[in-house]
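Contents: one structure, followed by commentary.
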Amino acid sequence: MMVFLVACIRSDDWEPPSSACSIDIKPNTTFQNVYDLYQGSTKKILEDLVLEGYVISSDESGNFFNTIHIQDKASNPTTGIQIEVDLRDSYLRFSPGDKVYIHLKGLYLGRTKAIFKLGSAYTSFGNFIVGRIPTHAIGKHFEKSCEKESVIVPFVSTIEDLEFQHANTLVTIENIEFSEEELGGSYAVAEEMSKRILIDCNDQQLLLLNSGYADFSQEILPEGMGTITGIYYPENEVPQLIVRSQADLNFNKERCEDLITEFTSDHVFISELADPDNASTARFVELFYSGNDSLSLNGWHLDRYTNGNTTLGSTLDLSGRIMYSGHTIVIASNAESFEQIYGVVPDMEAGLNSPADSNGDDNLVLVDPFGNVIDVFGVVGEDGSGTNHEFEDGRAVRNTFVQRGNTGYTFSEWTLYNDTGSAGTINQPQNAPQDFSPGVRD
């Protein structure tokens, strides 16, 4: 469930917000001290802590919804945080450059990927998840300084130099353009959260997140090259950006010269497949990368051969993804259900009947941009039921000694749990979330 961009139709039929401000509030904690409170799970803050920061987001154009992003300083920021609020048209009350004080007592602190979040909380499958601060409680936790609105100076960076510490801060990336496959398209699919690929002249990639409800969602992407300013919103080590409006893009230069964008490696392989006994909507596939240098997955795809079929049943395009050494890509069949059950957001959503939606007797093939098979799970043409590649109601996990893909299925590379125990597998159905570890190779 994407909590920051799943927008709905806005309404302006409410009273104008109060313009009250405060002059005698004293902050008594820092962003880093707040981060240090997080110990791996969503936590309720019980101390009387006050955090000072500067608003950098705006929902005026509709690309943000029910979130306010603040950073620690107006210029040269070092860190930031996302706050979930049940407040539409929040820009009328908290606009970019406003200094604000946040009373943390009673709020919940959580983390999704690299993003720290503050808000209220709700439970899902026993997990606390940060949710929106109710409208009536916003005034209790938010106060605006009476100081004059500050000029926010973005941190100027390249894609390569972006680091986790820049998450939730305003950054400007220079010499960047939309990838050729994006040209001619719009910022977003109507009423859907969409991702568009940006590349720099060194072929480094950055994903632009756009709401299908944004005022500019149906505008055509600019064809030139230039600068883009937005809030840095990484997923693990995948760089992503959210802009506040079209004015954050200035693509008025000639495009970069063409570079090679497709690469291969046998260090990418399937590391886990899941078909939980208690929740079919919690199915997923996990890919792992053991190489040293980052690898673009442009042109890569993951194929599913259903049951004993030798004809392709479904395929998933992995273009736009970058793999980093020692990291995974988790592909869920249903992203909303996945987050509710596991308490984390998947890297991709593949959908019903996709390669991530196997019921445990199908075969998967990972293919590079040049048509080469890099890794295989199962035996294409053989129904997995009752074989050594069945994971029905269970889990198939790659043993940790495996560091490269394999073009032929080798049972000794896997540990399989299912509801039959056939052919050397383990008769032990697996339940979500406790029996699975999406995003962690174990």
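Letters A, B, ... go to the chains of the structure tokens in the order shown; residues in each chain start at 1; ligands are counted from 1 in the same order.
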
Practice problem: Do a neighbour search on Ile329 (chain A) at 7 Å with only C-alpha atoms, toss out local chain neighbours closer than 2 positions, and write the hits as a PyMOL selection string. | Solution: chain A and resi 286-288+331+347+439

Those residues with all heavy atoms, as a CSV table (one decimal), in the first residue's frame please?
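Result written to part05.csv:
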```csv
chain,number,residue,atom,x,y,z
A,286,GLU,N,11.7,-13.4,-5.0
A,286,GLU,CA,12.8,-12.5,-4.6
A,286,GLU,C,14.0,-12.8,-5.5
A,286,GLU,O,14.3,-14.0,-5.8
A,286,GLU,CB,13.2,-12.8,-3.2
A,286,GLU,CG,14.4,-12.0,-2.7
A,286,GLU,CD,14.8,-12.6,-1.3
A,286,GLU,OE1,14.3,-12.0,-0.3
A,286,GLU,OE2,15.6,-13.5,-1.2
A,287,LEU,N,14.6,-11.8,-6.1
A,287,LEU,CA,15.9,-11.9,-6.8
A,287,LEU,C,17.0,-11.3,-6.0
A,287,LEU,O,16.9,-10.4,-5.2
A,287,LEU,CB,15.8,-11.1,-8.1
A,287,LEU,CG,14.6,-11.4,-9.1
A,287,LEU,CD1,14.7,-10.5,-10.3
A,287,LEU,CD2,14.7,-12.9,-9.5
A,288,PHE,N,18.2,-11.9,-6.1
A,288,PHE,CA,19.4,-11.5,-5.4
A,288,PHE,C,20.5,-11.2,-6.4
A,288,PHE,O,20.6,-11.9,-7.4
A,288,PHE,CB,19.8,-12.6,-4.4
A,288,PHE,CG,21.0,-12.2,-3.5
A,288,PHE,CD1,20.8,-11.4,-2.4
A,288,PHE,CD2,22.3,-12.7,-3.9
A,288,PHE,CE1,21.9,-11.1,-1.6
A,288,PHE,CE2,23.4,-12.3,-3.1
A,288,PHE,CZ,23.2,-11.5,-2.0
A,331,ILE,N,9.4,-9.0,-5.5
A,331,ILE,CA,8.3,-8.8,-6.5
A,331,ILE,C,7.1,-9.5,-5.9
A,331,ILE,O,7.0,-10.7,-5.8
A,331,ILE,CB,8.7,-9.4,-7.8
A,331,ILE,CG1,10.0,-8.9,-8.3
A,331,ILE,CG2,7.6,-9.2,-8.8
A,331,ILE,CD1,10.6,-9.7,-9.5
A,347,ASP,N,9.3,-4.2,-3.7
A,347,ASP,CA,10.0,-3.4,-4.7
A,347,ASP,C,9.1,-3.3,-6.0
A,347,ASP,O,9.2,-2.3,-6.7
A,347,ASP,CB,11.4,-3.9,-5.1
A,347,ASP,CG,12.3,-4.0,-3.9
A,347,ASP,OD1,12.6,-2.9,-3.4
A,347,ASP,OD2,12.6,-5.1,-3.4
A,439,GLY,N,13.2,-9.9,1.1
A,439,GLY,CA,14.3,-8.8,1.2
A,439,GLY,C,15.5,-9.2,2.0
A,439,GLY,O,16.5,-8.5,2.0
```

Quiz item: Taking the backbone alone, and naming residues the way the document does, which bits of region 100-312 of chain A are alpha helix (DSSP H) by DSSP, as a PyMOL selection string?
Solution: chain A and resi 138-141

Keeping only C-alpha atoms, write those residues as a PDB file, in the first residue's frame.
```
ATOM      1  CA  ILE A 138      -2.903  17.956  13.714  1.00  0.00           C
ATOM      2  CA  GLY A 139      -2.998  21.172  15.744  1.00  0.00           C
ATOM      3  CA  LYS A 140      -1.863  19.245  18.814  1.00  0.00           C
ATOM      4  CA  HIS A 141       1.286  17.991  17.085  1.00  0.00           C
TER       5      HIS A 141
END
```

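Shell of region 216-219 of chain A at 6 Å, with only C-alpha atoms counted and residues fewer than 6 places along the chain excluded, is Ser186, Tyr187 and Ala188 of chain A.
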
Region 221-321 of chain A near region 53-68 of chain A within 10 Å: what's each residue's closest atom pair and its distance in Å to one decimal, counting only C-alpha atoms, ordered by chain then ascending residue number, as a Markdown table?
```
| residue | atom | partner | partner_atom | distance |
| --- | --- | --- | --- | --- |
| A:Gly230 | CA | A:Ser57 | CA | 8.5 |
| A:Ile231 | CA | A:Ser57 | CA | 7.5 |
| A:Ile242 | CA | A:Asn63 | CA | 7.8 |
| A:Val243 | CA | A:Asn63 | CA | 7.3 |
| A:Arg244 | CA | A:Ser58 | CA | 5.9 |
| A:Ser245 | CA | A:Ser61 | CA | 5.9 |
| A:Gln246 | CA | A:Ser61 | CA | 8.8 |
```

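With only C-alpha atoms as the atoms that count, the residue of A:Gln205, A:Ser358, A:Asn236, A:Gln403 with the shortest distance to Ala282 (chain A) is A:Ser358.
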
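With only C-alpha atoms as the atoms that count, the minimum distance from Phe31 (chain A) to the choices A:Ser95, A:Ser194, A:Thr112, A:Asn168 is reached by A:Asn168.
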
Find the spatial neighbours of region 404-420 of chain A, counting only C-alpha atoms, within a cut-off of 9 Å - ignore same-chain residues fewer than 3 positions away - and output them as a compact mmCIF listing (two decimals) with all heavy atoms, in the first residue's frame.
```txt
# COMPACT_ATOMS: atom_id res chain seq x y z
N SER A 265 24.68 -10.43 -16.69
CA SER A 265 25.50 -10.95 -15.59
C SER A 265 24.83 -12.22 -15.07
O SER A 265 23.61 -12.30 -15.00
CB SER A 265 25.61 -9.93 -14.45
OG SER A 265 26.22 -10.51 -13.31
N ASP A 266 25.66 -13.21 -14.72
CA ASP A 266 25.08 -14.41 -14.11
C ASP A 266 25.09 -14.33 -12.59
O ASP A 266 24.84 -15.32 -11.90
CB ASP A 266 25.81 -15.68 -14.58
CG ASP A 266 27.28 -15.72 -14.18
OD1 ASP A 266 27.77 -14.72 -13.59
OD2 ASP A 266 27.94 -16.74 -14.46
N HIS A 267 25.36 -13.12 -12.07
CA HIS A 267 25.31 -12.90 -10.62
C HIS A 267 23.90 -12.56 -10.13
O HIS A 267 23.68 -12.37 -8.94
CB HIS A 267 26.29 -11.80 -10.20
CG HIS A 267 27.72 -12.20 -10.29
ND1 HIS A 267 28.34 -12.98 -9.34
CD2 HIS A 267 28.66 -11.95 -11.24
CE1 HIS A 267 29.60 -13.18 -9.69
NE2 HIS A 267 29.82 -12.57 -10.83
N VAL A 268 22.95 -12.44 -11.06
CA VAL A 268 21.55 -12.24 -10.70
C VAL A 268 20.85 -13.59 -10.71
O VAL A 268 20.98 -14.35 -11.68
CB VAL A 268 20.83 -11.30 -11.68
CG1 VAL A 268 19.41 -11.02 -11.20
CG2 VAL A 268 21.60 -10.00 -11.86
N PHE A 269 20.11 -13.90 -9.66
CA PHE A 269 19.42 -15.19 -9.63
C PHE A 269 18.21 -15.14 -8.69
O PHE A 269 18.08 -14.22 -7.88
CB PHE A 269 20.37 -16.33 -9.22
CG PHE A 269 21.11 -16.10 -7.93
CD1 PHE A 269 20.58 -16.49 -6.72
CD2 PHE A 269 22.37 -15.51 -7.94
CE1 PHE A 269 21.27 -16.30 -5.54
CE2 PHE A 269 23.07 -15.31 -6.76
CZ PHE A 269 22.51 -15.70 -5.55
N ILE A 270 17.35 -16.14 -8.85
CA ILE A 270 16.16 -16.27 -8.01
C ILE A 270 16.60 -16.79 -6.64
O ILE A 270 17.25 -17.83 -6.55
CB ILE A 270 15.14 -17.22 -8.65
CG1 ILE A 270 14.75 -16.73 -10.05
CG2 ILE A 270 13.89 -17.36 -7.77
CD1 ILE A 270 14.05 -17.77 -10.89
N SER A 271 16.23 -16.08 -5.57
CA SER A 271 16.68 -16.49 -4.23
C SER A 271 15.55 -16.98 -3.34
O SER A 271 15.80 -17.67 -2.34
CB SER A 271 17.40 -15.33 -3.54
OG SER A 271 16.64 -14.15 -3.58
N ASP A 275 4.63 -19.23 -1.61
CA ASP A 275 3.20 -19.54 -1.80
C ASP A 275 2.63 -19.87 -0.42
O ASP A 275 2.39 -21.03 -0.10
CB ASP A 275 3.02 -20.72 -2.75
CG ASP A 275 1.54 -21.10 -2.91
OD1 ASP A 275 0.70 -20.19 -2.95
OD2 ASP A 275 1.25 -22.32 -2.96
N ASP A 277 0.70 -20.85 2.83
CA ASP A 277 -0.47 -21.71 3.02
C ASP A 277 -1.69 -20.91 3.48
O ASP A 277 -2.82 -21.26 3.16
CB ASP A 277 -0.12 -22.80 4.04
CG ASP A 277 -1.25 -23.81 4.23
OD1 ASP A 277 -1.88 -24.19 3.23
OD2 ASP A 277 -1.49 -24.21 5.39
N TYR A 289 21.39 -10.26 -6.02
CA TYR A 289 22.52 -9.90 -6.88
C TYR A 289 23.81 -10.01 -6.07
O TYR A 289 23.99 -9.33 -5.06
CB TYR A 289 22.35 -8.48 -7.40
CG TYR A 289 23.49 -8.00 -8.28
CD1 TYR A 289 23.90 -8.75 -9.39
CD2 TYR A 289 24.15 -6.82 -8.01
CE1 TYR A 289 24.95 -8.31 -10.19
CE2 TYR A 289 25.17 -6.36 -8.81
CZ TYR A 289 25.58 -7.12 -9.90
OH TYR A 289 26.61 -6.67 -10.70
N SER A 290 24.70 -10.87 -6.53
CA SER A 290 25.96 -11.11 -5.82
C SER A 290 27.15 -10.42 -6.45
O SER A 290 28.29 -10.56 -6.00
CB SER A 290 26.24 -12.63 -5.76
OG SER A 290 26.40 -13.16 -7.07
N GLY A 291 26.92 -9.66 -7.53
CA GLY A 291 28.01 -8.96 -8.19
C GLY A 291 28.52 -7.78 -7.38
O GLY A 291 27.96 -7.41 -6.34
N GLY A 360 2.93 -22.81 -6.75
CA GLY A 360 3.89 -23.78 -6.26
C GLY A 360 4.25 -24.92 -7.18
O GLY A 360 5.14 -25.71 -6.87
N VAL A 365 11.84 -18.70 -15.28
CA VAL A 365 13.08 -18.53 -16.04
C VAL A 365 13.44 -17.05 -16.05
O VAL A 365 12.61 -16.21 -16.41
CB VAL A 365 12.92 -19.05 -17.49
CG1 VAL A 365 14.22 -18.85 -18.27
CG2 VAL A 365 12.51 -20.52 -17.49
N LEU A 366 14.68 -16.74 -15.67
CA LEU A 366 15.19 -15.36 -15.68
C LEU A 366 16.03 -15.17 -16.94
O LEU A 366 16.98 -15.93 -17.18
CB LEU A 366 16.03 -15.10 -14.44
CG LEU A 366 16.63 -13.71 -14.28
CD1 LEU A 366 15.54 -12.65 -14.13
CD2 LEU A 366 17.58 -13.67 -13.07
N VAL A 373 19.25 -17.25 -21.15
CA VAL A 373 18.72 -17.73 -19.87
C VAL A 373 19.82 -17.61 -18.82
O VAL A 373 20.92 -18.15 -18.99
CB VAL A 373 18.23 -19.19 -19.99
CG1 VAL A 373 17.84 -19.72 -18.61
CG2 VAL A 373 17.05 -19.28 -20.94
N ILE A 374 19.53 -16.91 -17.73
CA ILE A 374 20.51 -16.69 -16.67
C ILE A 374 20.24 -17.61 -15.48
O ILE A 374 21.17 -18.12 -14.86
CB ILE A 374 20.49 -15.22 -16.21
CG1 ILE A 374 20.86 -14.31 -17.38
CG2 ILE A 374 21.44 -14.99 -15.04
CD1 ILE A 374 22.24 -14.55 -17.97
N ASP A 375 18.98 -17.85 -15.17
CA ASP A 375 18.66 -18.70 -14.02
C ASP A 375 17.30 -19.36 -14.25
O ASP A 375 16.43 -18.82 -14.95
CB ASP A 375 18.64 -17.87 -12.73
CG ASP A 375 18.67 -18.73 -11.48
OD1 ASP A 375 19.28 -19.82 -11.52
OD2 ASP A 375 18.10 -18.31 -10.45
N VAL A 376 17.15 -20.53 -13.63
CA VAL A 376 15.92 -21.32 -13.81
C VAL A 376 15.50 -21.90 -12.47
O VAL A 376 16.35 -22.35 -11.69
CB VAL A 376 16.15 -22.47 -14.82
CG1 VAL A 376 14.97 -23.42 -14.83
CG2 VAL A 376 16.39 -21.92 -16.21
N PHE A 377 14.21 -21.87 -12.21
CA PHE A 377 13.65 -22.67 -11.13
C PHE A 377 12.69 -23.67 -11.75
O PHE A 377 11.76 -23.29 -12.48
CB PHE A 377 12.90 -21.83 -10.09
CG PHE A 377 12.20 -22.69 -9.08
CD1 PHE A 377 12.88 -23.21 -8.00
CD2 PHE A 377 10.85 -23.04 -9.23
CE1 PHE A 377 12.26 -24.04 -7.08
CE2 PHE A 377 10.22 -23.87 -8.32
CZ PHE A 377 10.93 -24.37 -7.24
N GLY A 378 12.88 -24.95 -11.44
CA GLY A 378 12.01 -25.98 -11.96
C GLY A 378 12.46 -26.48 -13.32
O GLY A 378 13.53 -26.14 -13.83
N VAL A 379 11.62 -27.30 -13.91
CA VAL A 379 11.90 -27.91 -15.21
C VAL A 379 10.76 -27.55 -16.15
O VAL A 379 9.62 -28.01 -15.97
CB VAL A 379 12.04 -29.44 -15.09
CG1 VAL A 379 12.31 -30.06 -16.46
CG2 VAL A 379 13.13 -29.81 -14.10
N SER A 385 4.00 -30.57 -9.34
CA SER A 385 3.32 -31.35 -8.31
C SER A 385 4.01 -32.70 -8.10
O SER A 385 4.21 -33.47 -9.05
CB SER A 385 1.86 -31.57 -8.70
OG SER A 385 1.18 -30.34 -8.84
N GLY A 386 4.38 -32.98 -6.85
CA GLY A 386 4.99 -34.26 -6.51
C GLY A 386 6.43 -34.41 -6.94
O GLY A 386 6.98 -35.52 -6.86
N ASN A 388 10.66 -32.58 -7.11
CA ASN A 388 11.59 -31.88 -6.23
C ASN A 388 11.64 -30.38 -6.51
O ASN A 388 12.52 -29.68 -6.01
CB ASN A 388 13.00 -32.48 -6.33
CG ASN A 388 13.62 -32.32 -7.71
OD1 ASN A 388 13.04 -31.69 -8.60
ND2 ASN A 388 14.80 -32.90 -7.89
N HIS A 389 10.70 -29.89 -7.33
CA HIS A 389 10.58 -28.43 -7.49
C HIS A 389 9.16 -27.96 -7.19
O HIS A 389 8.66 -26.99 -7.77
CB HIS A 389 11.05 -27.97 -8.88
CG HIS A 389 10.41 -28.64 -10.05
ND1 HIS A 389 9.30 -28.14 -10.68
CD2 HIS A 389 10.74 -29.78 -10.71
CE1 HIS A 389 8.97 -28.93 -11.70
NE2 HIS A 389 9.83 -29.95 -11.74
N GLU A 390 8.50 -28.63 -6.25
CA GLU A 390 7.18 -28.21 -5.78
C GLU A 390 7.31 -27.39 -4.50
O GLU A 390 8.00 -27.81 -3.56
CB GLU A 390 6.29 -29.41 -5.52
CG GLU A 390 4.91 -29.01 -4.98
CD GLU A 390 4.08 -30.18 -4.47
OE1 GLU A 390 4.57 -31.33 -4.56
OE2 GLU A 390 2.97 -29.94 -3.99
N PHE A 391 6.67 -26.22 -4.46
CA PHE A 391 6.63 -25.42 -3.23
C PHE A 391 5.19 -24.98 -2.91
O PHE A 391 4.97 -23.94 -2.29
CB PHE A 391 7.58 -24.21 -3.30
CG PHE A 391 7.25 -23.20 -4.36
CD1 PHE A 391 6.58 -22.02 -4.05
CD2 PHE A 391 7.62 -23.42 -5.68
CE1 PHE A 391 6.27 -21.08 -5.03
CE2 PHE A 391 7.33 -22.49 -6.67
CZ PHE A 391 6.65 -21.32 -6.35
N GLU A 392 4.22 -25.79 -3.29
CA GLU A 392 2.81 -25.48 -3.04
C GLU A 392 2.55 -25.33 -1.54
O GLU A 392 2.98 -26.18 -0.75
CB GLU A 392 1.91 -26.57 -3.62
CG GLU A 392 0.43 -26.27 -3.45
CD GLU A 392 -0.45 -27.29 -4.13
OE1 GLU A 392 0.06 -28.07 -4.95
OE2 GLU A 392 -1.66 -27.29 -3.84
N ASP A 393 1.86 -24.25 -1.16
CA ASP A 393 1.57 -23.93 0.25
C ASP A 393 2.85 -23.78 1.05
O ASP A 393 2.85 -23.95 2.27
CB ASP A 393 0.69 -25.00 0.88
CG ASP A 393 -0.69 -25.06 0.25
OD1 ASP A 393 -1.13 -24.02 -0.28
OD2 ASP A 393 -1.31 -26.13 0.27
N GLY A 394 3.94 -23.44 0.38
CA GLY A 394 5.21 -23.38 1.09
C GLY A 394 6.17 -22.37 0.52
O GLY A 394 5.80 -21.27 0.10
N ARG A 395 7.43 -22.79 0.42
CA ARG A 395 8.50 -21.86 0.14
C ARG A 395 9.65 -22.58 -0.53
O ARG A 395 9.98 -23.72 -0.18
CB ARG A 395 8.97 -21.24 1.46
CG ARG A 395 10.15 -20.30 1.40
CD ARG A 395 10.62 -20.01 2.81
NE ARG A 395 11.59 -18.94 2.88
CZ ARG A 395 12.53 -18.83 3.80
NH1 ARG A 395 12.61 -19.74 4.76
NH2 ARG A 395 13.38 -17.82 3.80
N ALA A 396 10.27 -21.93 -1.52
CA ALA A 396 11.51 -22.42 -2.11
C ALA A 396 12.57 -21.37 -1.86
O ALA A 396 12.42 -20.21 -2.27
CB ALA A 396 11.33 -22.66 -3.61
N VAL A 397 13.62 -21.73 -1.16
CA VAL A 397 14.66 -20.76 -0.80
C VAL A 397 16.01 -21.25 -1.31
O VAL A 397 16.36 -22.43 -1.15
CB VAL A 397 14.66 -20.50 0.73
CG1 VAL A 397 14.94 -21.77 1.52
CG2 VAL A 397 15.67 -19.41 1.09
N ARG A 398 16.76 -20.38 -1.94
CA ARG A 398 18.08 -20.72 -2.50
C ARG A 398 19.08 -20.82 -1.37
O ARG A 398 19.17 -19.94 -0.51
CB ARG A 398 18.51 -19.64 -3.49
CG ARG A 398 19.51 -20.10 -4.57
CD ARG A 398 18.86 -21.03 -5.55
NE ARG A 398 19.63 -21.34 -6.74
CZ ARG A 398 19.49 -20.73 -7.91
NH1 ARG A 398 18.62 -19.74 -8.04
NH2 ARG A 398 20.20 -21.12 -8.94
N ASN A 399 19.83 -21.88 -1.35
CA ASN A 399 20.84 -22.06 -0.32
C ASN A 399 21.92 -21.01 -0.46
O ASN A 399 22.28 -20.58 -1.57
CB ASN A 399 21.44 -23.47 -0.41
CG ASN A 399 20.40 -24.54 -0.14
OD1 ASN A 399 19.49 -24.33 0.66
ND2 ASN A 399 20.52 -25.68 -0.81
N THR A 400 22.47 -20.56 0.67
CA THR A 400 23.34 -19.39 0.68
C THR A 400 24.67 -19.60 -0.02
O THR A 400 25.35 -18.63 -0.37
CB THR A 400 23.60 -18.92 2.12
OG1 THR A 400 24.12 -20.01 2.89
CG2 THR A 400 22.32 -18.41 2.77
N PHE A 401 25.08 -20.84 -0.26
CA PHE A 401 26.36 -21.05 -0.96
C PHE A 401 26.24 -20.71 -2.44
O PHE A 401 27.25 -20.55 -3.13
CB PHE A 401 26.84 -22.49 -0.78
CG PHE A 401 26.01 -23.55 -1.45
CD1 PHE A 401 26.15 -23.82 -2.82
CD2 PHE A 401 25.07 -24.28 -0.73
CE1 PHE A 401 25.37 -24.79 -3.44
CE2 PHE A 401 24.30 -25.25 -1.34
CZ PHE A 401 24.44 -25.50 -2.70
N GLY A 424 12.22 -35.63 -1.75
CA GLY A 424 13.26 -35.02 -0.95
C GLY A 424 12.94 -33.63 -0.44
O GLY A 424 13.76 -33.01 0.25
N THR A 425 11.75 -33.12 -0.76
CA THR A 425 11.34 -31.82 -0.22
C THR A 425 10.82 -32.01 1.21
O THR A 425 10.71 -33.13 1.70
CB THR A 425 10.25 -31.19 -1.10
OG1 THR A 425 9.11 -32.07 -1.14
CG2 THR A 425 10.77 -30.96 -2.52
N ILE A 426 10.51 -30.91 1.87
CA ILE A 426 10.11 -30.95 3.28
C ILE A 426 8.60 -30.75 3.38
O ILE A 426 8.07 -29.73 2.94
CB ILE A 426 10.84 -29.86 4.09
CG1 ILE A 426 12.36 -30.08 3.99
CG2 ILE A 426 10.40 -29.88 5.55
CD1 ILE A 426 13.18 -28.94 4.58
N ASN A 427 7.92 -31.72 3.98
CA ASN A 427 6.47 -31.63 4.16
C ASN A 427 6.18 -30.74 5.37
O ASN A 427 5.98 -31.21 6.48
CB ASN A 427 5.88 -33.02 4.36
CG ASN A 427 4.35 -32.99 4.47
OD1 ASN A 427 3.74 -31.93 4.39
ND2 ASN A 427 3.75 -34.15 4.65
N GLN A 428 6.15 -29.45 5.11
CA GLN A 428 5.95 -28.48 6.19
C GLN A 428 5.39 -27.19 5.59
O GLN A 428 6.15 -26.29 5.22
CB GLN A 428 7.27 -28.20 6.92
CG GLN A 428 7.12 -27.31 8.15
CD GLN A 428 8.46 -27.14 8.86
OE1 GLN A 428 9.22 -28.09 9.00
NE2 GLN A 428 8.75 -25.93 9.30
N PRO A 429 4.06 -27.08 5.44
CA PRO A 429 3.48 -25.86 4.90
C PRO A 429 3.96 -24.63 5.66
O PRO A 429 4.19 -24.68 6.88
CB PRO A 429 1.98 -26.08 5.05
CG PRO A 429 1.83 -27.57 5.04
CD PRO A 429 3.04 -28.10 5.76
N GLN A 430 4.10 -23.52 4.95
CA GLN A 430 4.64 -22.29 5.51
C GLN A 430 3.55 -21.21 5.58
O GLN A 430 2.76 -21.05 4.64
CB GLN A 430 5.80 -21.79 4.67
CG GLN A 430 6.91 -22.80 4.47
CD GLN A 430 7.76 -22.99 5.71
OE1 GLN A 430 8.58 -22.15 6.05
NE2 GLN A 430 7.56 -24.11 6.40
```

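Around region 151-163 of chain A, within 6 Å and counting only C-alpha atoms, the residues found are Ala74, Ser75, Asn76, Gly97, Leu170, Val171, Thr172 and Ile173 of chain A, once anything fewer than 6 positions away on its own chain is removed.
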
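The gap separating CA of Ala167 (chain A) from CA of Met348 (chain A) is 19.9 Å, in Å to one decimal.
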
Practice problem: Find the residues near region 178-184 of chain A: any atom within 6 Å, counting only C-alpha atoms, skip ones fewer than 2 places away on the same chain, and give them as number ranges by chain. | Solution: A: 197-199

Practice problem: DSSP on the backbone, then: every residue of region 355-424 of chain A marked strand (DSSP E), written as a ChimeraX atom specification. | Solution: /A:363-367,373-377,395-398,414-418

Practice problem: Do a neighbour search on Gly371 (chain A) at 12 Å with only C-alpha atoms, toss out local chain neighbours closer than 6 positions, and write the hits as a PyMOL selection string. | Solution: chain A and resi 262-264+299-303+365

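Proximity ranking of A:Leu104, A:Gly80, A:Val380, A:Phe436 relative to Tyr232 (chain A) places A:Gly80 first, based on only C-alpha atoms.
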
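CA of Leu352 (chain A) to CA of Pro433 (chain A) spans 19.8 Å [interatomic distance, one decimal].
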
Practice problem: May I ask which of the residues A:Ala350, A:Leu297, A:Val345, A:Ala114 is the closest one to Thr315 (chain A), counting only C-alpha atoms? | Solution: A:Ala350

Could you give me, as a Markdown table, a per-residue list for region 86-205 of chain A showing, wherever an atom lies at most 12 Å from an atom of region 23-28 of chain A, the closest pair of atoms and their distance in Å to one decimal, using only C-alpha atoms and sorting by chain then residue number from low to high?
```
| residue | atom | partner | partner_atom | distance |
| --- | --- | --- | --- | --- |
| A:Lys99 | CA | A:Ile23 | CA | 10.9 |
| A:Val100 | CA | A:Ile25 | CA | 9.7 |
| A:Tyr101 | CA | A:Pro27 | CA | 7.2 |
| A:Ile102 | CA | A:Pro27 | CA | 8.6 |
| A:His103 | CA | A:Pro27 | CA | 9.0 |
| A:Leu104 | CA | A:Asn28 | CA | 10.7 |
| A:Phe142 | CA | A:Ile25 | CA | 11.2 |
| A:Glu143 | CA | A:Ile25 | CA | 8.7 |
| A:Lys144 | CA | A:Ile23 | CA | 8.7 |
| A:Ser145 | CA | A:Ile23 | CA | 6.0 |
| A:Cys146 | CA | A:Ile23 | CA | 5.7 |
| A:Glu147 | CA | A:Ile23 | CA | 7.8 |
| A:Lys148 | CA | A:Ile23 | CA | 11.4 |
```
